[in-house]
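Chemist: For reference, the file query_32.cif (mmCIF, C-alpha atoms and all ligand atoms; chains and numbers go by the auth columns) is included below:
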data_protein
#
loop_
_atom_site.group_PDB
_atom_site.id
_atom_site.type_symbol
_atom_site.label_atom_id
_atom_site.label_comp_id
_atom_site.label_asym_id
_atom_site.label_seq_id
_atom_site.Cartn_x
_atom_site.Cartn_y
_atom_site.Cartn_z
_atom_site.B_iso_or_equiv
_atom_site.auth_seq_id
_atom_site.auth_asym_id
ATOM 1 C CA MET A 1 58.445 100.518 55.891 0.00 866 A
ATOM 2 C CA PRO A 2 56.130 97.761 57.080 0.00 867 A
ATOM 3 C CA PHE A 3 52.909 99.148 58.522 0.00 868 A
ATOM 4 C CA GLU A 4 52.835 96.340 61.119 0.00 869 A
ATOM 5 C CA GLU A 5 55.167 98.493 63.200 0.00 870 A
ATOM 6 C CA TYR A 6 52.400 101.013 63.784 0.00 871 A
ATOM 7 C CA THR A 7 49.688 100.832 66.418 0.00 872 A
ATOM 8 C CA PRO A 8 46.068 100.587 65.178 0.00 873 A
ATOM 9 C CA LYS A 9 45.559 104.160 66.383 0.00 874 A
ATOM 10 C CA VAL A 10 48.486 105.415 64.298 0.00 875 A
ATOM 11 C CA MET A 11 47.099 103.611 61.268 0.00 876 A
ATOM 12 C CA ASP A 12 43.656 105.108 61.886 0.00 877 A
ATOM 13 C CA HIS A 13 45.071 108.652 62.070 0.00 878 A
ATOM 14 C CA PHE A 14 47.239 108.007 59.015 0.00 879 A
ATOM 15 C CA LEU A 15 44.425 106.613 56.890 0.00 880 A
ATOM 16 C CA ASN A 16 41.728 108.955 58.255 0.00 881 A
ATOM 17 C CA PRO A 17 43.569 112.098 59.296 0.00 882 A
ATOM 18 C CA ARG A 18 41.464 114.480 61.375 0.00 883 A
ATOM 19 C CA ASN A 19 41.099 118.187 60.737 0.00 884 A
ATOM 20 C CA THR A 20 43.025 118.405 57.486 0.00 885 A
ATOM 21 C CA GLY A 21 43.257 121.566 55.427 0.00 886 A
ATOM 22 C CA GLU A 22 43.461 125.152 56.566 0.00 887 A
ATOM 23 C CA VAL A 23 41.439 127.178 59.029 0.00 888 A
ATOM 24 C CA PRO A 24 39.873 130.158 57.252 0.00 889 A
ATOM 25 C CA GLU A 25 41.292 133.417 58.602 0.00 890 A
ATOM 26 C CA PRO A 26 43.549 131.761 61.214 0.00 891 A
ATOM 27 C CA THR A 27 44.747 133.716 64.226 0.00 892 A
ATOM 28 C CA HIS A 28 47.946 131.651 64.371 0.00 893 A
ATOM 29 C CA SER A 29 49.869 129.633 61.813 0.00 894 A
ATOM 30 C CA ALA A 30 53.166 127.901 61.208 0.00 895 A
ATOM 31 C CA LEU A 31 54.956 126.178 58.370 0.00 896 A
ATOM 32 C CA VAL A 32 57.611 123.798 59.660 0.00 897 A
ATOM 33 C CA ARG A 33 60.007 121.543 57.792 0.00 898 A
ATOM 34 C CA ASN A 34 61.712 118.466 59.173 0.00 899 A
ATOM 35 C CA PRO A 35 65.393 119.296 58.577 0.00 900 A
ATOM 36 C CA VAL A 36 66.325 115.634 58.197 0.00 901 A
ATOM 37 C CA CYS A 37 63.852 114.468 55.539 0.00 902 A
ATOM 38 C CA GLY A 38 62.327 117.732 54.284 0.00 903 A
ATOM 39 C CA ASP A 39 58.755 116.786 55.180 0.00 904 A
ATOM 40 C CA LEU A 40 56.419 119.725 55.798 0.00 905 A
ATOM 41 C CA VAL A 41 53.620 120.554 58.215 0.00 906 A
ATOM 42 C CA LYS A 42 51.407 123.619 57.880 0.00 907 A
ATOM 43 C CA LEU A 43 49.392 124.306 61.024 0.00 908 A
ATOM 44 C CA THR A 44 46.596 126.863 61.112 0.00 909 A
ATOM 45 C CA VAL A 45 44.678 127.689 64.263 0.00 910 A
ATOM 46 C CA ARG A 46 41.818 129.927 65.318 0.00 911 A
ATOM 47 C CA VAL A 47 41.849 131.126 68.909 0.00 912 A
ATOM 48 C CA LYS A 48 38.871 132.787 70.540 0.00 913 A
ATOM 49 C CA ASP A 49 38.881 134.083 74.128 0.00 914 A
ATOM 50 C CA GLY A 50 42.156 132.257 74.813 0.00 915 A
ATOM 51 C CA ILE A 51 40.856 128.873 73.640 0.00 916 A
ATOM 52 C CA VAL A 52 41.840 126.994 70.489 0.00 917 A
ATOM 53 C CA VAL A 53 38.474 126.618 68.772 0.00 918 A
ATOM 54 C CA GLU A 54 39.803 125.154 65.516 0.00 919 A
ATOM 55 C CA ALA A 55 43.102 123.602 64.411 0.00 920 A
ATOM 56 C CA ARG A 56 43.916 122.111 61.023 0.00 921 A
ATOM 57 C CA THR A 57 47.023 120.746 59.378 0.00 922 A
ATOM 58 C CA LYS A 58 48.295 120.088 55.899 0.00 923 A
ATOM 59 C CA THR A 59 51.100 117.548 56.037 0.00 924 A
ATOM 60 C CA PHE A 60 53.430 116.417 53.307 0.00 925 A
ATOM 61 C CA GLY A 61 55.189 113.540 54.941 0.00 926 A
ATOM 62 C CA CYS A 62 55.370 109.955 56.072 0.00 927 A
ATOM 63 C CA ALA A 63 52.664 107.957 57.835 0.00 928 A
ATOM 64 C CA ALA A 64 54.022 108.932 61.259 0.00 929 A
ATOM 65 C CA ALA A 65 54.080 112.624 60.346 0.00 930 A
ATOM 66 C CA ILE A 66 50.520 112.541 59.013 0.00 931 A
ATOM 67 C CA ALA A 67 49.276 110.668 62.083 0.00 932 A
ATOM 68 C CA SER A 68 51.158 113.059 64.386 0.00 933 A
ATOM 69 C CA SER A 69 49.599 116.097 62.724 0.00 934 A
ATOM 70 C CA SER A 70 46.167 114.554 63.050 0.00 935 A
ATOM 71 C CA ALA A 71 46.751 113.792 66.749 0.00 936 A
ATOM 72 C CA LEU A 72 48.063 117.297 67.285 0.00 937 A
ATOM 73 C CA THR A 73 44.820 118.846 66.065 0.00 938 A
ATOM 74 C CA GLU A 74 42.869 116.698 68.531 0.00 939 A
ATOM 75 C CA LEU A 75 45.149 117.786 71.365 0.00 940 A
ATOM 76 C CA LEU A 76 44.886 121.443 70.397 0.00 941 A
ATOM 77 C CA GLN A 77 41.166 121.831 69.891 0.00 942 A
ATOM 78 C CA GLY A 78 39.350 122.970 73.003 0.00 943 A
ATOM 79 C CA THR A 79 42.500 123.672 74.983 0.00 944 A
ATOM 80 C CA SER A 80 43.772 126.995 76.250 0.00 945 A
ATOM 81 C CA VAL A 81 46.646 128.721 74.494 0.00 946 A
ATOM 82 C CA GLU A 82 48.730 128.345 77.651 0.00 947 A
ATOM 83 C CA VAL A 83 48.260 124.568 77.649 0.00 948 A
ATOM 84 C CA ALA A 84 48.674 124.391 73.858 0.00 949 A
ATOM 85 C CA ARG A 85 52.082 126.074 74.123 0.00 950 A
ATOM 86 C CA ARG A 86 53.290 123.239 76.341 0.00 951 A
ATOM 87 C CA ILE A 87 52.292 120.383 74.009 0.00 952 A
ATOM 88 C CA LYS A 88 55.347 118.210 73.363 0.00 953 A
ATOM 89 C CA ASN A 89 55.967 115.535 70.794 0.00 954 A
ATOM 90 C CA SER A 90 55.807 113.044 73.656 0.00 955 A
ATOM 91 C CA ASP A 91 52.153 114.079 74.178 0.00 956 A
ATOM 92 C CA VAL A 92 51.505 113.426 70.487 0.00 957 A
ATOM 93 C CA VAL A 93 53.190 110.023 70.680 0.00 958 A
ATOM 94 C CA LEU A 94 51.193 109.146 73.805 0.00 959 A
ATOM 95 C CA HIS A 95 47.949 110.210 72.082 0.00 960 A
ATOM 96 C CA LEU A 96 48.806 107.832 69.231 0.00 961 A
ATOM 97 C CA GLY A 97 49.509 104.927 71.559 0.00 962 A
ATOM 98 C CA GLY A 98 53.185 105.022 70.637 0.00 963 A
ATOM 99 C CA LEU A 99 55.408 105.222 67.577 0.00 964 A
ATOM 100 C CA PRO A 100 58.283 102.963 66.557 0.00 965 A
ATOM 101 C CA GLU A 101 61.469 104.352 68.121 0.00 966 A
ATOM 102 C CA HIS A 102 62.977 105.292 64.774 0.00 967 A
ATOM 103 C CA LYS A 103 59.802 107.243 63.836 0.00 968 A
ATOM 104 C CA VAL A 104 59.478 109.307 67.028 0.00 969 A
ATOM 105 C CA ALA A 105 61.502 112.068 65.357 0.00 970 A
ATOM 106 C CA CYS A 106 58.667 112.439 62.829 0.00 971 A
ATOM 107 C CA SER A 107 56.396 113.687 65.640 0.00 972 A
ATOM 108 C CA VAL A 108 58.824 116.457 66.584 0.00 973 A
ATOM 109 C CA VAL A 109 57.626 118.569 63.668 0.00 974 A
ATOM 110 C CA ALA A 110 54.200 118.723 65.327 0.00 975 A
ATOM 111 C CA GLU A 111 55.785 120.138 68.491 0.00 976 A
ATOM 112 C CA GLN A 112 57.793 122.605 66.444 0.00 977 A
ATOM 113 C CA ALA A 113 54.656 123.736 64.606 0.00 978 A
ATOM 114 C CA VAL A 114 53.007 124.533 67.940 0.00 979 A
ATOM 115 C CA LEU A 115 56.072 126.445 69.144 0.00 980 A
ATOM 116 C CA GLU A 116 56.205 128.423 65.909 0.00 981 A
ATOM 117 C CA ALA A 117 52.468 129.151 65.807 0.00 982 A
ATOM 118 C CA PHE A 118 52.318 130.400 69.420 0.00 983 A
ATOM 119 C CA LYS A 119 55.736 132.054 69.718 0.00 984 A
HETATM 120 FE FE1 LIG B . 59.926 112.748 57.348 0.00 1 B
HETATM 121 FE FE2 LIG B . 58.743 110.996 58.914 0.00 1 B
HETATM 122 S S1 LIG B . 60.207 110.590 57.383 0.00 1 B
HETATM 123 S S2 LIG B . 58.628 113.157 59.016 0.00 1 B
#
Could I get this file's structure written as structure tokens?

Modeler:
Amino acid sequence: MPFEEYTPKVMDHFLNPRNTGEVPEPTHSALVRNPVCGDLVKLTVRVKDGIVVEARTKTFGCAAAIASSSALTELLQGTSVEVARRIKNSDVVLHLGGLPEHKVACSVVAEQAVLEAFK
């Protein structure tokens, strides 16, 4: 896939993903697989006093999935659990400045990871 389709912000998150790895002793976690392509996202989170103080992801996937995971950690950190629970893939896409239409589905795994982690 040509990278010209991606916004500079997507490319930045893809090439320099934020908050990768795993939170030590997480309070919440999720392992989610994209049913279409099989790509995986592991999300680990530490919540203290109702606030997400740390969020990390390990993503085995395409550029859009890696960028979406990176954006997700930025959206999660510092927010309340109540707000975190309502994060949608559209919020992730907005944070990235957009995704090509046929790659929006790759951001859904980020939303599913949040739902699974905070169920
Ligand atoms: Fe699998 Fe993008 S192709 S998440």

Chemist: All residues within 12 Å of ligand LIG 1 (chain B) are required, counting only C-alpha atoms and all ligand atoms; please report them as a ChimeraX atom specification.

Modeler: /A:866,879,897-906,924-934,964-975

Chemist: Give me the box for stretch 892-911 of chain A as lines of an AutoDock Vina configuration file, namely the centre and edge lengths in Å to one decimal of a box along x, y and z that holds every listed atom plus 4 Å on each side.

Modeler:
center_x = 54.1
center_y = 124.1
center_z = 59.8
size_x = 32.5
size_y = 27.2
size_z = 19.0

Chemist: Step by step, work through what the PyMOL selection byres (((chain A and resi 918) around 9) and not hetatm) selects in the shown file, and finish by giving those residues as a PDB file with C-alpha atoms, keeping the file's coordinate frame.

Modeler:
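File written: selection.pdb
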ATOM      1  CA  VAL A 910      44.678 127.689  64.263  1.00  0.00           C
ATOM      2  CA  ARG A 911      41.818 129.927  65.318  1.00  0.00           C
ATOM      3  CA  VAL A 912      41.849 131.126  68.909  1.00  0.00           C
ATOM      4  CA  LYS A 913      38.871 132.787  70.540  1.00  0.00           C
ATOM      5  CA  ILE A 916      40.856 128.873  73.640  1.00  0.00           C
ATOM      6  CA  VAL A 917      41.840 126.994  70.489  1.00  0.00           C
ATOM      7  CA  GLU A 919      39.803 125.154  65.516  1.00  0.00           C
ATOM      8  CA  ALA A 920      43.102 123.602  64.411  1.00  0.00           C
ATOM      9  CA  LEU A 941      44.886 121.443  70.397  1.00  0.00           C
ATOM     10  CA  GLN A 942      41.166 121.831  69.891  1.00  0.00           C
ATOM     11  CA  GLY A 943      39.350 122.970  73.003  1.00  0.00           C
ATOM     12  CA  THR A 944      42.500 123.672  74.983  1.00  0.00           C
TER      13      THR A 944
END

Chemist: Expressed in Å to a single decimal, how great is the separation between atom CA of A:Val979 and atom CA of A:Gly963?

Modeler: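 Distance reported for this atom pair: 19.7 Å.
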
Chemist: Using all atoms listed in the file for the distances, tell me which of A:His893, A:Lys907, A:His960, A:Lys984 is nearest to A:Ala936.

Modeler: A:His960

Chemist: Between A:Leu908, A:Met876, A:Ile952, A:Val958, which residue has the minimum interatomic distance to A:Glu976, considering all atoms listed in the file?

Modeler: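 Among A:Leu908, A:Met876, A:Ile952, A:Val958, it is A:Ile952 that comes nearest to A:Glu976.
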
Chemist: One decimal, Å: what's the distance from atom CA of A:Ser935 over to atom CA of A:Ser955, could you say?

Modeler: 14.4 Å

Chemist: Residues picked by the PyMOL selection byres (((chain A and resi 887) around 9) and not hetatm) here, as an MDAnalysis selection string?

Modeler: chainID A and resid 884:886 888:891 907:910 920:923

Chemist: List as an MDAnalysis selection string the residues having at least one atom at most 6 Å from position (48.1, 102.1, 68.0) as given in the file, counting only C-alpha atoms.

Modeler: chainID A and resid 872:875 961:962

Chemist: Please measure the separation of atom CA of A:Pro882 and atom CA of A:Leu937, giving the value in Å to one decimal.

Modeler: 10.5 Å

Chemist: List the neighbours of A:Gly915 out to 9 Å using all atoms listed in the file; skip same-chain residues closer than 5 positions along the sequence, and give me the result as a ChimeraX atom specification.

Modeler: /A:944-947

Chemist: Can you rebuild stretch 955-972 of chain A with N, CA and C atoms and give it as a compact mmCIF listing (two decimals), keeping the file's coordinate frame?

Modeler:
# COMPACT_ATOMS: atom_id res chain seq x y z
N SER A 955 56.12 114.22 72.83
CA SER A 955 55.81 113.04 73.66
C SER A 955 54.31 112.95 73.93
N ASP A 956 53.62 114.08 74.02
CA ASP A 956 52.15 114.08 74.18
C ASP A 956 51.49 113.53 72.92
N VAL A 957 52.03 113.91 71.77
CA VAL A 957 51.50 113.43 70.49
C VAL A 957 51.70 111.92 70.38
N VAL A 958 52.89 111.46 70.74
CA VAL A 958 53.19 110.02 70.68
C VAL A 958 52.27 109.25 71.63
N LEU A 959 52.08 109.79 72.82
CA LEU A 959 51.19 109.15 73.81
C LEU A 959 49.77 109.07 73.26
N HIS A 960 49.31 110.15 72.64
CA HIS A 960 47.95 110.21 72.08
C HIS A 960 47.76 109.15 70.99
N LEU A 961 48.86 108.83 70.32
CA LEU A 961 48.81 107.83 69.23
C LEU A 961 49.01 106.41 69.73
N GLY A 962 49.26 106.27 71.02
CA GLY A 962 49.51 104.93 71.56
C GLY A 962 50.90 104.42 71.24
N GLY A 963 51.79 105.37 70.91
CA GLY A 963 53.18 105.02 70.64
C GLY A 963 53.54 105.10 69.17
N LEU A 964 54.83 105.27 68.93
CA LEU A 964 55.41 105.22 67.58
C LEU A 964 56.65 104.35 67.64
N PRO A 965 57.00 103.68 66.56
CA PRO A 965 58.28 102.96 66.56
C PRO A 965 59.42 103.93 66.90
N GLU A 966 60.39 103.48 67.64
CA GLU A 966 61.47 104.35 68.12
C GLU A 966 62.09 105.19 67.00
N HIS A 967 62.31 104.56 65.86
CA HIS A 967 62.98 105.29 64.77
C HIS A 967 62.04 106.24 64.04
N LYS A 968 60.74 106.30 64.44
CA LYS A 968 59.80 107.24 63.84
C LYS A 968 59.36 108.34 64.81
N VAL A 969 59.86 108.29 66.04
CA VAL A 969 59.48 109.31 67.03
C VAL A 969 59.90 110.70 66.53
N ALA A 970 61.03 110.78 65.86
CA ALA A 970 61.50 112.07 65.36
C ALA A 970 60.49 112.72 64.41
N CYS A 971 59.67 111.90 63.76
CA CYS A 971 58.67 112.44 62.83
C CYS A 971 57.58 113.22 63.56
N SER A 972 57.41 112.97 64.86
CA SER A 972 56.40 113.69 65.64
C SER A 972 56.92 115.03 66.15
